[in-house]
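Dropping work.txt in here (compact mmCIF, C-alpha atoms):
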# COMPACT_ATOMS: atom_id res chain seq x y z
CA MET A 9 87.77 104.27 108.04
CA SER A 10 89.03 101.55 110.31
CA GLN A 11 89.84 97.90 109.94
CA ARG A 12 86.96 97.18 112.28
CA ASN A 13 84.53 98.91 109.86
CA ILE A 14 85.87 96.86 106.95
CA PHE A 15 85.50 93.64 108.95
CA MET A 16 81.98 94.43 110.18
CA ALA A 17 80.76 95.56 106.75
CA PHE A 18 81.85 92.36 105.04
CA LEU A 19 80.89 90.13 107.98
CA ARG A 20 77.32 91.43 107.72
CA CYS A 21 77.35 90.67 104.01
CA GLY A 22 78.75 87.20 104.64
CA LEU A 23 76.17 86.44 107.31
CA LEU A 24 73.16 87.81 105.46
CA GLY A 25 74.15 87.06 101.85
CA TYR A 26 72.31 83.79 101.51
CA GLY A 27 72.59 82.26 98.06
CA GLY A 28 76.14 83.06 97.03
CA GLY A 29 77.97 85.97 95.44
CA PRO A 30 75.30 87.44 93.16
CA SER A 31 72.74 87.53 95.96
CA SER A 32 75.15 89.25 98.36
CA ILE A 33 76.17 92.02 95.94
CA PRO A 34 73.21 94.27 96.92
CA LEU A 35 74.29 93.90 100.57
CA VAL A 36 77.87 94.80 99.68
CA HIS A 37 76.58 97.78 97.68
CA ARG A 38 74.61 99.01 100.67
CA GLU A 39 77.60 98.75 103.01
CA VAL A 40 80.21 100.15 100.63
CA VAL A 41 78.26 102.87 98.82
CA VAL A 42 75.40 103.84 101.15
CA THR A 43 76.63 103.18 104.69
CA TYR A 44 80.38 103.88 104.56
CA LYS A 45 80.58 105.84 101.25
CA TRP A 46 83.86 104.21 100.30
CA MET A 47 82.99 104.50 96.59
CA THR A 48 80.32 105.80 94.23
CA ASP A 49 77.64 103.78 92.44
CA GLU A 50 79.62 103.95 89.20
CA GLU A 51 82.84 102.78 90.83
CA PHE A 52 81.02 99.91 92.52
CA ALA A 53 79.41 98.88 89.22
CA ASP A 54 82.88 98.86 87.61
CA VAL A 55 84.25 96.68 90.42
CA VAL A 56 81.41 94.17 90.05
CA ALA A 57 81.78 94.13 86.26
CA LEU A 58 85.51 93.49 86.52
CA ALA A 59 84.99 90.82 89.19
CA ASN A 60 82.49 89.04 86.92
CA THR A 61 85.14 88.67 84.22
CA LEU A 62 87.59 86.94 86.54
CA PRO A 63 87.36 83.32 87.68
CA GLY A 64 86.35 82.50 91.23
CA PRO A 65 83.63 83.48 93.67
CA LEU A 66 82.19 86.93 93.03
CA ALA A 67 81.74 88.00 96.65
CA THR A 68 85.34 87.29 97.62
CA LYS A 69 86.77 89.09 94.59
CA VAL A 70 84.67 92.17 95.29
CA ALA A 71 85.47 92.06 99.01
CA GLY A 72 89.19 91.62 98.38
CA TYR A 73 89.39 94.53 95.98
CA ILE A 74 87.30 96.91 98.06
CA GLY A 75 89.16 95.92 101.24
CA TYR A 76 92.48 96.59 99.50
CA ARG A 77 91.30 99.89 98.08
CA VAL A 78 90.00 101.10 101.44
CA GLY A 79 92.51 99.58 103.85
CA GLY A 80 95.51 98.30 101.90
CA VAL A 81 96.80 94.73 102.21
CA LEU A 82 95.49 94.39 105.76
CA GLY A 83 92.07 95.65 104.62
CA CYS A 84 92.06 93.09 101.82
CA ALA A 85 92.82 90.24 104.21
CA ASN A 86 90.31 91.61 106.69
CA ALA A 87 87.50 91.80 104.11
CA LEU A 88 88.27 88.32 102.76
CA VAL A 89 88.28 86.73 106.21
CA ALA A 90 85.05 88.49 107.16
CA THR A 91 83.38 87.36 103.93
CA VAL A 92 84.50 83.74 104.16
CA ILE A 93 84.17 82.98 107.91
CA PRO A 94 80.34 82.69 107.98
CA THR A 95 80.34 80.34 105.01
CA VAL A 96 83.11 78.15 106.41
CA VAL A 97 81.45 77.84 109.82
CA LEU A 98 78.04 77.08 108.30
CA MET A 99 79.46 74.55 105.83
CA ILE A 100 81.32 72.68 108.56
CA GLY A 101 78.19 72.57 110.69
CA LEU A 102 75.87 71.61 107.86
CA LEU A 103 78.15 68.96 106.39
CA THR A 104 78.72 67.42 109.81
CA THR A 105 74.97 67.28 110.39
CA LEU A 106 74.30 65.98 106.88
CA ALA A 107 76.90 63.24 107.28
CA ARG A 108 75.23 62.08 110.50
CA PHE A 109 71.82 61.76 108.86
CA SER A 110 72.81 60.81 105.30
CA GLU A 111 71.17 57.38 105.45
CA TYR A 112 67.70 58.81 106.05
CA ALA A 113 65.38 58.94 103.05
CA TRP A 114 64.27 62.53 103.78
CA VAL A 115 67.89 63.74 103.65
CA GLN A 116 68.51 61.93 100.36
CA GLY A 117 65.29 63.42 98.96
CA MET A 118 66.31 66.87 100.13
CA THR A 119 69.69 66.67 98.42
CA ARG A 120 68.08 65.40 95.18
CA ALA A 121 65.52 68.22 95.33
CA MET A 122 68.28 70.84 95.44
CA ILE A 123 69.46 70.06 91.90
CA PRO A 124 66.43 71.58 90.12
CA VAL A 125 66.40 74.51 92.54
CA VAL A 126 70.02 75.36 91.68
CA ALA A 127 69.26 74.90 87.97
CA VAL A 128 66.33 77.34 88.18
CA MET A 129 68.43 79.87 90.11
CA LEU A 130 71.22 79.71 87.51
CA GLY A 131 68.68 79.97 84.70
CA THR A 132 67.12 83.03 86.33
CA LEU A 133 70.52 84.65 86.71
CA ALA A 134 71.37 83.93 83.06
CA PHE A 135 68.01 85.37 81.98
CA GLN A 136 68.66 88.54 84.00
CA PHE A 137 72.08 88.92 82.35
CA LEU A 138 70.45 88.48 78.94
CA GLN A 139 67.88 91.17 79.78
CA THR A 140 70.69 93.53 80.78
CA ALA A 141 72.61 92.75 77.59
CA ALA A 142 69.47 93.28 75.49
CA LYS A 143 69.24 96.85 76.78
CA SER A 144 72.64 97.72 75.32
CA MET A 145 72.51 95.53 72.18
CA PRO A 146 69.92 94.70 69.57
CA ARG A 147 67.95 91.57 70.47
CA TRP A 148 69.09 89.71 67.37
CA VAL A 149 72.73 90.13 68.44
CA VAL A 150 71.98 88.72 71.91
CA GLY A 151 70.05 85.84 70.35
CA LEU A 152 72.85 85.13 67.93
CA HIS A 153 75.35 84.99 70.81
CA VAL A 154 73.14 82.60 72.77
CA LEU A 155 72.71 80.32 69.74
CA ALA A 156 76.42 80.40 68.94
CA VAL A 157 77.52 79.55 72.48
CA GLY A 158 74.85 76.83 72.68
CA ALA A 159 75.95 75.35 69.37
CA LEU A 160 79.61 75.40 70.34
CA THR A 161 79.07 73.75 73.71
CA VAL A 162 76.31 71.27 72.87
CA PHE A 163 77.00 70.21 69.30
CA LEU A 164 80.76 70.65 69.02
CA GLY A 165 81.63 69.88 72.65
CA VAL A 166 83.73 73.01 73.14
CA HIS A 167 84.28 73.71 76.84
CA PRO A 168 82.66 76.99 77.98
CA ALA A 169 86.00 78.14 79.48
CA ILE A 170 87.53 78.14 76.00
CA ILE A 171 84.65 80.24 74.71
CA ILE A 172 85.01 82.69 77.60
CA ALA A 173 88.78 82.95 77.05
CA GLY A 174 88.23 83.58 73.35
CA LEU A 175 85.64 86.27 74.04
CA LEU A 176 87.95 87.96 76.55
CA LEU A 177 90.81 87.97 74.02
CA TRP A 178 88.47 89.32 71.37
CA ALA A 179 87.27 92.05 73.74
CA LEU A 180 90.85 93.01 74.55
CA PHE A 181 92.49 92.75 71.13
CA GLY A 182 89.68 92.39 68.56
CA ASP A 183 89.35 96.09 67.90
CA LYS A 184 93.08 96.45 67.17
CA ILE A 185 93.05 93.48 64.81
CA TRP A 186 89.83 94.66 63.15
CA ARG A 187 91.23 98.17 62.54
CA LYS A 188 94.52 96.77 61.23
CA GLY A 189 92.74 94.96 58.37
CA SER A 190 90.45 97.86 57.39
CA PRO A 191 91.43 100.54 54.91
CA PRO A 192 92.62 103.89 56.32
Go ahead and render the structure in this file as structure tokens.
Amino acid sequence: MSQRNIFMAFLRCGLLGYGGGPSSIPLVHREVVVTYKWMTDEEFADVVALANTLPGPLATKVAGYIGYRVGGVLGCANALVATVIPTVVLMIGLLTTLARFSEYAWVQGMTRAMIPVVAVMLGTLAFQFLQTAAKSMPRWVVGLHVLAVGALTVFLGVHPAIIIAGLLLWALFGDKIWRKGSPP
């Protein structure tokens, strides 16, 4: 293991991981588990699951943790820089170009057309998560969760962050509270 390997592994993921964190996770898996064998499939799945529960971009959380685990604080910084540099450079270039041509109708149409594309991508990701959840839970439980979250956010106006925080607290402490109220 060297710092150069950490940098190159995450730079490749940053360069080729088009579409954000979830789309770059298979690339990170290939580098971390297959190419460099820094962790097993199970350990990598645990890292991704934990990273999904925390706020912020998925790819940077995974890169930071794996970099730290493999190369300490310097490895963490190295992995984060390698993951973020391609995005920063591309965003500066694209935004500069977009600003130059923003008055053109084709640019305005392109930016308006991206909204449904992003909505479909997020919907697809949510559907895939639901399919994964359905494998470990009965379908009626998954459906009930979807209806409950939808009702809370749409009809009652509860912010999704509050729901997520409540679910995390329930996951952490619900079992202890549940057992406390049940008979011995």
Each residue of segment 78-140 of chain A with at least one atom at most 12 Å from segment 35-45 of chain A should appear once, together with its nearest atom pair and the corresponding distance in Å (one decimal); atoms considered: all atoms listed in the file; ordering: chain, then increasing residue number; output as a Markdown table.
| residue | atom | partner | partner_atom | distance |
| --- | --- | --- | --- | --- |
| A:Val78 | CA | A:Val40 | CA | 9.9 |
| A:Ala87 | CA | A:Val36 | CA | 11.0 |
| A:Thr91 | CA | A:Val36 | CA | 10.2 |
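The shortest atom-to-atom distance to Ser31 of chain A, with all atoms listed in the file taken into account, belongs to A:Ala67 out of A:Arg147, A:Phe137, A:Ala67, A:Gly83.
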Contacts of segment 95-109 of chain A at 8 Å (all atoms listed in the file; same-chain gap of 3+ positions) as a PyMOL selection string: chain A and resi 22-23+91-92+112+115
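The smallest atom-to-atom distance between His153 of chain A and any of A:Leu138, A:Val126, A:Leu88, A:Ala113, using only C-alpha atoms, is found for A:Leu138.
Distances here use only C-alpha atoms; by that measure, the residue among A:Val70, A:Gly75, A:Asp54, A:Pro34 closest to Asn13 of chain A is A:Gly75.
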All residues 12 Å or closer to Leu176 of chain A, only C-alpha atoms, same chain fewer than 6 positions away omitted, as number ranges by chain: A: 58, 60-62, 169-170, 182-183
Option closest in space to Ser10 of chain A, from A:Ala53, A:Leu175, A:Leu82, A:Leu155 [counting all atoms listed in the file]: A:Leu82
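One distance worth recording is that between atom CA of Gly80 of chain A and atom CA of Gly25 of chain A, which is 24.1 Å.
Separating atom CA of Phe52 of chain A from atom CA of Ala71 of chain A is a distance of 11.1 Å.
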Atom CA of Gln116 of chain A to atom CA of Phe135 of chain A, distance in Å rounded to a single decimal: 29.8 Å
Nearest-residue call for Leu19 of chain A, choices A:Thr132, A:Gly165, A:Asn86, A:Arg120, using only C-alpha atoms: A:Asn86
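Around Ile171 of chain A, within 10 Å and counting only C-alpha atoms, the residues found are Val157, Leu160, Thr161, Val166, His167, Leu175, Leu176 and Leu177 of chain A, once anything fewer than 4 positions away on its own chain is removed.
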